[in-house]
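K.L.:
Sharing target11.txt below, compact mmCIF, C-alpha atoms:
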```txt
# COMPACT_ATOMS: atom_id res chain seq x y z
CA MET A 1 0.00 0.00 0.00
CA LYS A 2 1.23 3.48 -0.90
CA VAL A 3 0.35 6.42 1.34
CA THR A 4 1.16 10.11 1.04
CA VAL A 5 1.20 11.87 4.41
CA LYS A 6 0.79 15.63 4.35
CA GLY A 7 2.46 17.32 7.28
CA ALA A 8 5.67 16.49 9.17
CA GLY A 9 4.51 17.41 12.64
CA VAL A 10 3.94 14.88 15.37
CA ALA A 11 0.69 13.58 13.81
CA GLY A 12 2.24 13.02 10.39
CA LEU A 13 5.45 11.42 11.61
CA THR A 14 3.75 9.06 14.06
CA LEU A 15 1.34 7.98 11.32
CA ALA A 16 4.22 7.39 8.92
CA PHE A 17 5.96 5.31 11.58
CA GLU A 18 2.84 3.19 12.17
CA LEU A 19 2.36 2.64 8.44
CA VAL A 20 5.98 1.68 7.77
CA GLY A 21 5.80 -0.79 10.63
CA ARG A 22 2.88 -2.43 8.85
CA GLY A 23 4.63 -2.67 5.50
CA ALA A 24 3.29 0.39 3.69
CA GLU A 25 5.31 2.56 1.32
CA VAL A 26 5.12 6.10 2.62
CA ALA A 27 5.93 9.58 1.38
CA VAL A 28 5.79 12.66 3.64
CA VAL A 29 5.27 16.11 2.13
CA GLU A 30 5.77 19.21 4.27
CA ARG A 31 5.22 22.88 3.47
CA ARG A 32 8.19 24.00 5.54
CA GLU A 33 11.76 23.51 4.43
CA ARG A 34 12.71 21.31 7.39
CA ILE A 35 11.47 19.59 10.57
CA ALA A 36 10.89 22.77 12.58
CA GLY A 37 8.53 25.65 13.14
CA ASN A 38 5.19 23.89 13.52
CA ALA A 39 3.02 23.60 16.64
CA SER A 40 4.76 20.30 17.51
CA TRP A 41 8.10 22.14 17.56
CA GLN A 42 6.81 24.42 20.34
CA ALA A 43 5.32 21.60 22.45
CA GLY A 44 6.17 20.79 26.04
CA GLY A 45 6.58 17.07 25.39
CA MET A 46 4.78 15.97 28.55
CA LEU A 47 3.30 12.49 28.42
CA ALA A 48 0.96 13.25 31.30
CA PRO A 49 -2.51 11.76 30.79
CA TRP A 50 -3.39 11.69 34.49
CA CYS A 51 -2.58 15.38 34.92
CA GLU A 52 -4.37 16.32 31.72
CA ARG A 53 -7.51 14.61 32.99
CA GLU A 54 -7.93 17.56 35.36
CA SER A 55 -9.31 19.66 32.50
CA ALA A 56 -9.94 17.06 29.77
CA GLU A 57 -12.33 14.21 29.05
CA GLU A 58 -11.69 10.65 30.20
CA THR A 59 -10.83 9.84 26.57
CA VAL A 60 -7.56 11.75 26.91
CA LEU A 61 -6.51 9.47 29.77
CA THR A 62 -7.70 6.34 27.98
CA LEU A 63 -5.91 7.15 24.71
CA GLY A 64 -2.86 8.74 26.29
CA ARG A 65 -1.88 6.27 29.01
CA LEU A 66 0.10 4.09 26.54
CA ALA A 67 1.88 7.00 24.86
CA ALA A 68 5.07 6.70 26.93
CA ASP A 69 5.40 3.04 25.95
CA TRP A 70 4.83 3.88 22.26
CA TRP A 71 7.49 6.58 22.26
CA GLY A 72 9.85 4.43 24.31
CA ALA A 73 9.61 1.61 21.78
CA ALA A 74 9.84 3.92 18.75
CA LEU A 75 12.69 6.05 20.10
CA PRO A 76 14.69 4.15 22.74
CA GLY A 77 16.46 6.49 25.15
CA HIS A 78 14.23 9.48 24.43
CA VAL A 79 11.59 9.06 27.15
CA GLU A 80 12.26 10.25 30.71
CA ARG A 81 10.04 8.31 33.12
CA GLN A 82 10.40 10.55 36.14
CA GLY A 83 6.75 11.38 36.73
CA THR A 84 5.18 14.83 37.11
CA LEU A 85 5.30 17.09 40.16
CA VAL A 86 2.33 19.43 40.74
CA LEU A 87 2.83 22.34 43.13
CA ALA A 88 1.07 25.51 44.20
CA PRO A 89 2.21 28.55 46.15
CA SER A 90 0.80 28.58 49.69
CA ARG A 91 -1.67 31.34 48.76
CA ASP A 92 -3.12 29.03 46.08
CA ALA A 93 -3.32 25.88 48.22
CA ALA A 94 -6.97 25.46 47.28
CA GLU A 95 -5.91 24.95 43.66
CA LEU A 96 -3.85 21.92 44.71
CA ASP A 97 -6.85 20.42 46.49
CA ARG A 98 -9.05 21.05 43.46
CA PHE A 99 -6.47 19.46 41.13
CA ALA A 100 -6.21 16.40 43.40
CA ALA A 101 -9.99 15.99 43.49
CA ARG A 102 -10.23 16.01 39.69
CA THR A 103 -7.42 13.53 39.00
CA THR A 104 -6.21 10.03 39.87
CA GLY A 105 -2.83 8.30 39.80
CA HIS A 106 -1.13 10.64 42.27
CA ARG A 107 0.07 10.66 45.84
CA LEU A 108 0.13 13.61 48.20
CA LEU A 109 3.54 14.90 49.25
CA ASP A 110 4.63 16.98 52.21
CA GLY A 111 7.47 19.48 52.04
CA ASP A 112 10.15 16.89 52.83
CA SER A 113 8.88 14.59 50.08
CA VAL A 114 8.91 17.45 47.58
CA ALA A 115 12.51 18.18 48.55
CA ALA A 116 13.43 14.50 48.20
CA LEU A 117 12.18 14.50 44.61
CA GLU A 118 13.55 17.92 43.68
CA PRO A 119 16.30 19.03 46.07
CA ASP A 120 16.52 22.50 44.48
CA LEU A 121 12.94 23.16 45.60
CA ALA A 122 13.63 22.29 49.26
CA GLY A 123 11.85 24.62 51.68
CA ARG A 124 9.84 26.32 48.95
CA PHE A 125 6.64 24.25 48.91
CA GLY A 126 4.90 22.58 51.83
CA ARG A 127 2.70 20.24 49.77
CA GLY A 128 2.55 18.73 46.33
CA LEU A 129 1.15 15.97 44.14
CA PHE A 130 3.32 13.36 42.46
CA PHE A 131 2.09 11.51 39.37
CA ALA A 132 4.68 8.71 39.26
CA GLN A 133 3.43 7.00 36.10
CA GLU A 134 3.91 10.01 33.84
CA ALA A 135 6.86 10.78 31.57
CA HIS A 136 8.25 13.42 29.23
CA LEU A 137 10.50 13.81 26.21
CA ASP A 138 12.17 16.59 24.24
CA PRO A 139 9.81 17.20 21.30
CA ARG A 140 12.45 18.63 18.99
CA ARG A 141 14.87 15.81 19.52
CA ALA A 142 12.02 13.31 19.13
CA LEU A 143 10.79 14.83 15.84
CA ARG A 144 14.28 14.94 14.35
CA THR A 145 15.12 11.38 15.39
CA LEU A 146 11.79 10.02 14.18
CA ALA A 147 12.28 11.68 10.79
CA GLU A 148 15.79 10.22 10.56
CA LYS A 149 14.50 6.73 11.38
CA LEU A 150 11.75 7.05 8.80
CA ALA A 151 14.16 8.19 6.10
CA ALA A 152 16.46 5.27 6.93
CA ALA A 153 13.44 2.94 6.58
CA GLY A 154 12.78 4.22 3.06
CA VAL A 155 10.22 6.95 3.65
CA HIS A 156 10.37 9.63 0.94
CA PHE A 157 10.44 13.20 2.30
CA ALA A 158 9.60 16.25 0.19
CA PHE A 159 10.01 19.60 1.95
CA GLY A 160 8.69 22.89 0.66
CA TYR A 161 5.95 20.80 -0.97
CA GLY A 162 8.49 19.51 -3.45
CA ALA A 163 7.80 16.60 -5.76
CA VAL A 164 7.32 13.21 -4.12
CA ARG A 165 9.69 10.58 -5.50
CA MET A 166 7.41 7.66 -4.70
CA PRO A 167 6.25 6.16 -8.03
CA GLY A 168 2.58 5.64 -8.81
CA VAL A 169 -0.63 7.05 -7.39
CA PRO A 170 -1.04 6.65 -3.61
CA ASP A 171 -3.77 4.40 -2.28
CA PHE A 172 -4.39 6.91 0.50
CA VAL A 173 -3.63 10.54 1.22
CA ALA A 174 -3.48 11.44 4.92
CA ASP A 175 -3.87 15.08 5.93
CA CYS A 176 -1.96 15.81 9.13
CA THR A 177 -1.48 19.53 8.56
CA GLY A 178 -3.16 20.92 11.68
CA MET A 179 -4.32 24.50 11.27
CA GLU A 180 -3.36 24.44 7.60
CA ALA A 181 -6.16 21.95 6.94
CA THR A 182 -9.32 23.37 5.40
CA ASN A 183 -11.72 22.16 8.07
CA PRO A 184 -14.28 24.76 9.18
CA ALA A 185 -14.88 22.88 12.45
CA LEU A 186 -11.35 23.59 13.66
CA ARG A 187 -10.42 26.54 15.80
CA SER A 188 -6.98 27.82 16.73
CA VAL A 189 -5.70 27.86 20.31
CA ARG A 190 -2.56 29.92 20.60
CA GLY A 191 0.15 28.64 22.91
CA GLU A 192 3.15 30.72 23.89
CA MET A 193 6.33 29.42 25.46
CA LEU A 194 9.73 30.55 26.67
CA LEU A 195 12.95 28.58 26.51
CA LEU A 196 15.25 29.55 29.38
CA ARG A 197 18.83 28.52 30.14
CA THR A 198 20.34 28.44 33.61
CA ARG A 199 22.82 26.24 35.45
CA ASP A 200 21.53 27.45 38.82
CA VAL A 201 18.41 25.28 38.84
CA SER A 202 18.19 21.53 38.39
CA LEU A 203 14.92 19.64 37.89
CA SER A 204 14.46 15.95 37.11
CA ARG A 205 10.87 16.10 35.87
CA PRO A 206 8.20 18.50 34.64
CA VAL A 207 6.73 20.71 37.33
CA ARG A 208 3.23 22.13 37.01
CA LEU A 209 2.70 25.28 39.03
CA LEU A 210 -0.97 25.89 39.74
CA HIS A 211 -2.55 29.31 39.70
CA PRO A 212 -6.28 30.06 39.51
CA ARG A 213 -5.81 32.23 36.42
CA PHE A 214 -2.59 31.16 34.79
CA PRO A 215 -1.29 27.62 35.52
CA VAL A 216 2.04 26.89 33.82
CA TYR A 217 4.56 24.12 33.52
CA VAL A 218 8.35 24.03 33.58
CA VAL A 219 9.95 21.15 31.69
CA PRO A 220 13.68 20.40 32.00
CA ARG A 221 15.71 19.66 28.89
CA ALA A 222 19.36 18.90 28.28
CA GLY A 223 22.06 21.56 28.53
CA GLY A 224 20.49 23.61 31.31
CA LEU A 225 17.41 24.43 29.23
CA PHE A 226 13.89 24.74 30.59
CA MET A 227 10.72 25.09 28.56
CA VAL A 228 8.19 27.33 30.33
CA GLY A 229 4.66 27.33 28.96
CA ALA A 230 2.10 27.66 27.90
CA THR A 231 -0.75 30.03 27.37
CA MET A 232 -4.11 28.94 25.96
CA ILE A 233 -5.55 31.87 24.02
CA GLU A 234 -8.47 31.54 21.63
CA SER A 235 -6.70 33.25 18.74
CA ASP A 236 -5.28 32.58 15.29
CA ALA A 237 -2.68 35.35 15.61
CA THR A 238 0.78 34.15 14.63
CA GLY A 239 2.70 37.17 15.93
CA PRO A 240 5.41 37.12 18.61
CA VAL A 241 4.83 36.37 22.28
CA THR A 242 3.02 39.24 23.97
CA ALA A 243 4.57 41.22 26.80
CA ARG A 244 1.77 40.12 29.13
CA SER A 245 2.33 36.43 28.41
CA ALA A 246 6.10 36.78 28.76
CA MET A 247 5.67 38.44 32.16
CA GLU A 248 3.25 35.75 33.34
CA LEU A 249 5.54 32.93 32.23
CA LEU A 250 8.63 34.54 33.76
CA ASN A 251 6.77 35.28 36.99
CA ALA A 252 5.75 31.64 37.24
CA ALA A 253 9.32 30.46 36.69
CA TYR A 254 10.52 32.93 39.34
CA THR A 255 7.84 31.69 41.76
CA LEU A 256 9.07 28.15 41.27
CA HIS A 257 12.69 29.18 41.94
CA PRO A 258 14.15 32.73 42.21
CA ALA A 259 17.28 31.69 40.29
CA PHE A 260 15.21 31.78 37.10
CA ALA A 261 15.43 35.58 37.36
CA GLU A 262 19.02 35.32 36.12
CA ALA A 263 18.26 32.79 33.38
CA GLU A 264 18.92 33.56 29.74
CA ILE A 265 15.86 33.83 27.49
CA VAL A 266 16.98 31.62 24.61
CA GLU A 267 13.72 31.65 22.69
CA ALA A 268 10.15 32.92 22.82
CA GLY A 269 7.88 30.85 20.62
CA VAL A 270 4.27 30.66 19.49
CA GLY A 271 2.33 27.64 18.25
CA LEU A 272 -1.24 27.50 16.93
CA ARG A 273 -2.85 24.32 18.18
CA PRO A 274 -5.83 22.95 16.22
CA ALA A 275 -8.90 22.04 18.26
CA PHE A 276 -12.42 20.87 17.57
CA PRO A 277 -15.31 22.23 19.69
CA ASP A 278 -15.02 19.35 22.18
CA ASN A 279 -11.19 19.65 22.37
CA LEU A 280 -10.85 15.98 21.37
CA PRO A 281 -8.93 14.70 18.33
CA ARG A 282 -10.51 12.98 15.35
CA VAL A 283 -9.53 10.55 12.65
CA GLU A 284 -11.83 11.08 9.68
CA ARG A 285 -12.06 9.19 6.42
CA LYS A 286 -13.72 10.17 3.17
CA GLY A 287 -12.98 7.76 0.36
CA ASN A 288 -9.21 7.38 0.12
CA HIS A 289 -8.56 10.52 2.15
CA ILE A 290 -7.79 10.28 5.86
CA ALA A 291 -7.40 13.21 8.24
CA ILE A 292 -5.91 13.35 11.73
CA ASN A 293 -6.57 16.64 13.45
CA GLY A 294 -7.69 18.41 16.60
CA LEU A 295 -4.85 17.23 18.83
CA TYR A 296 -5.19 20.53 20.73
CA ARG A 297 -2.64 20.60 23.59
CA HIS A 298 -2.15 16.83 23.53
CA GLY A 299 -0.01 16.33 20.43
CA PHE A 300 2.71 14.00 21.68
CA LEU A 301 0.32 12.39 24.17
CA LEU A 302 -2.43 11.42 21.72
CA ALA A 303 -0.66 11.20 18.33
CA PRO A 304 0.32 7.52 18.78
CA ALA A 305 -3.28 6.45 19.45
CA MET A 306 -4.61 8.51 16.54
CA ALA A 307 -1.91 7.14 14.22
CA ARG A 308 -2.94 3.61 15.11
CA GLN A 309 -6.59 4.40 14.41
CA ALA A 310 -5.74 5.97 11.05
CA ALA A 311 -3.50 3.05 10.05
CA ASP A 312 -6.25 0.62 11.00
CA LEU A 313 -8.72 2.47 8.78
CA MET A 314 -6.36 2.33 5.81
CA LEU A 315 -5.38 -1.29 6.18
CA ASP A 316 -8.98 -2.39 6.65
CA HIS A 317 -10.34 -0.07 3.99
CA ASP A 318 -13.12 -0.80 1.56
CA SER A 319 -13.48 1.79 -1.18
CA ASN A 320 -17.24 1.24 -1.32
CA LYS A 321 -17.84 2.06 2.32
CA GLU A 322 -19.42 5.29 3.44
CA PRO A 323 -17.10 7.89 5.04
CA VAL A 324 -15.95 6.83 8.49
CA HIS A 325 -15.47 9.12 11.48
CA GLU A 326 -13.35 7.65 14.28
CA ALA A 327 -11.43 8.90 17.20
CA HIS A 328 -12.93 9.96 20.47
CA HIS A 329 -15.67 7.47 21.30
```
Represent the structure of the file as structure tokens.

P.N.:
Amino acid sequence: MKVTVKGAGVAGLTLAFELVGRGAEVAVVERRERIAGNASWQAGGMLAPWCERESAEETVLTLGRLAADWWGAALPGHVERQGTLVLAPSRDAAELDRFAARTTGHRLLDGDSVAALEPDLAGRFGRGLFFAQEAHLDPRRALRTLAEKLAAAGVHFAFGYGAVRMPGVPDFVADCTGMEATNPALRSVRGEMLLLRTRDVSLSRPVRLLHPRFPVYVVPRAGGLFMVGATMIESDATGPVTARSAMELLNAAYTLHPAFAEAEIVEAGVGLRPAFPDNLPRVERKGNHIAINGLYRHGFLLAPAMARQAADLMLDHDSNKEPVHEAHH
């Protein structure tokens, strides 16, 4: 089976990986000139279905709980299984109780237990929640490595929407282009992030800092880097990070640890995340066209499950069937 995948973000690359593993011949076409710049590039990379359940449907937990295993098998050595730490300043202690009541898979920590997990935070927080089953990865490293593995496996890549070298007409075309897709049901949710560098803070896992108006997360990466994000603004504006968002993100990082005040701002990025009205992803089929979209803020968490659904639809296809809509039920 020949498949052309449009889009080299996390949805497109995970679908290509699923298809190659099942013996398909795959070509990936991407509007950009390289693996960079899309919403996936600006992601936090948290594989945190239990935490996400606080504000998402049960489906996100059901589909996302196997994501760490998928990524670990696809990209050995890329997944950090250190769990997630959820904290709140003492003035926002009620937010921690609310978060605990809306989630499962955690245990309550006192100040000493917080310090045992993250020594640099000793004495700063009296309580916390620890989600031990969660994991994280570096999205940029993961995207680059996945693309390299696919190319080595014979996947044809065409950047800048160049010509695809795969001979013949594809059996399926899969649209994984996110906000570039012409789907009137989609809306854009703008996410802003900062990439900071400091050697004065060390974290072993993502930390979510709760705030009634502006909860944020801080995700450690290699080389003293920390990703701080992310806003959720109902907007399709692609312009730079706003001053207000930058101040909120920096204030949150400073609240977590004052040493972030001296950190270098390496990057300020914006990603437009595609979402359907229910904030749940969909795999849709019409004839020999498949679409994966609406991953919202759960790209790396839900892409493996959606890729499997899409690959199943293609491999079990019947050209005479009516259009199929799969995904979140």

K.L.:
May I ask which of the residues A:Val266, A:Leu301, A:Leu96, A:Met247 is the closest one to A:Leu196, counting all atoms listed in the file?

P.N.:
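Of all the options, A:Val266 lies closest to A:Leu196.
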
K.L.:
My list of candidates is A:Val155, A:Val5, A:Ala253, A:Ala24. Which is closest to A:Val201 when distances are computed with all atoms listed in the file?

P.N.:
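Ranking A:Val155, A:Val5, A:Ala253, A:Ala24 by distance to A:Val201, first place goes to A:Ala253.
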
K.L.:
Between A:Thr4, A:Thr182, A:Thr14, A:Gln133, which has the minimum distance to A:Phe300 (counting all atoms listed in the file)?

P.N.:
A:Thr14

K.L.:
If you measure from atom CA of A:Ile35 to atom CA of A:Gln82, what distance in Å do you get, rounded to one decimal?

P.N.:
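For atom CA of A:Ile35 relative to atom CA of A:Gln82, the distance reads 27.1 Å.
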
K.L.:
Might you pull out every residue within 6 Å of A:Leu194, with all atoms listed in the file counted and same-chain residues fewer than 3 positions away left off, and present them as a list in words?

P.N.:
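Counting all atoms listed in the file, the residues come to Met227, Val228, Glu267 and Ala268 of chain A.
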
K.L.:
Set the distance at 10 Å and use only C-alpha atoms: which residues neighbour A:Phe99 once local chain neighbours fewer than 4 positions away are removed? I'd like the list as an NGL selection string.

P.N.:
:A and (51 or 53-55 or 86-87 or 94-95 or 103-104 or 129 or 210)

K.L.:
Which residues, protein or nucleic acid, reach to within 7 Å of (3.1, 0.2, -1.9) in the file's coordinates when using all atoms listed in the file, and can you give that as a VMD selection string?

P.N.:
chain A and resid 1 to 2 24 to 25

K.L.:
Please write as a list in words the list of polymer residues whose atoms come within 9 Å of (7.0, 19.6, 5.9), counting only C-alpha atoms and keeping to the coordinates of the file.

P.N.:
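Checked against the point, the hits come out as Lys6, Gly7, Ala8, Gly9, Val28, Val29, Glu30, Arg31, Arg32, Glu33, Arg34, Ile35, Ala36, Asn38, Phe157, Ala158, Phe159, Gly160, Tyr161 and Thr177 of chain A.
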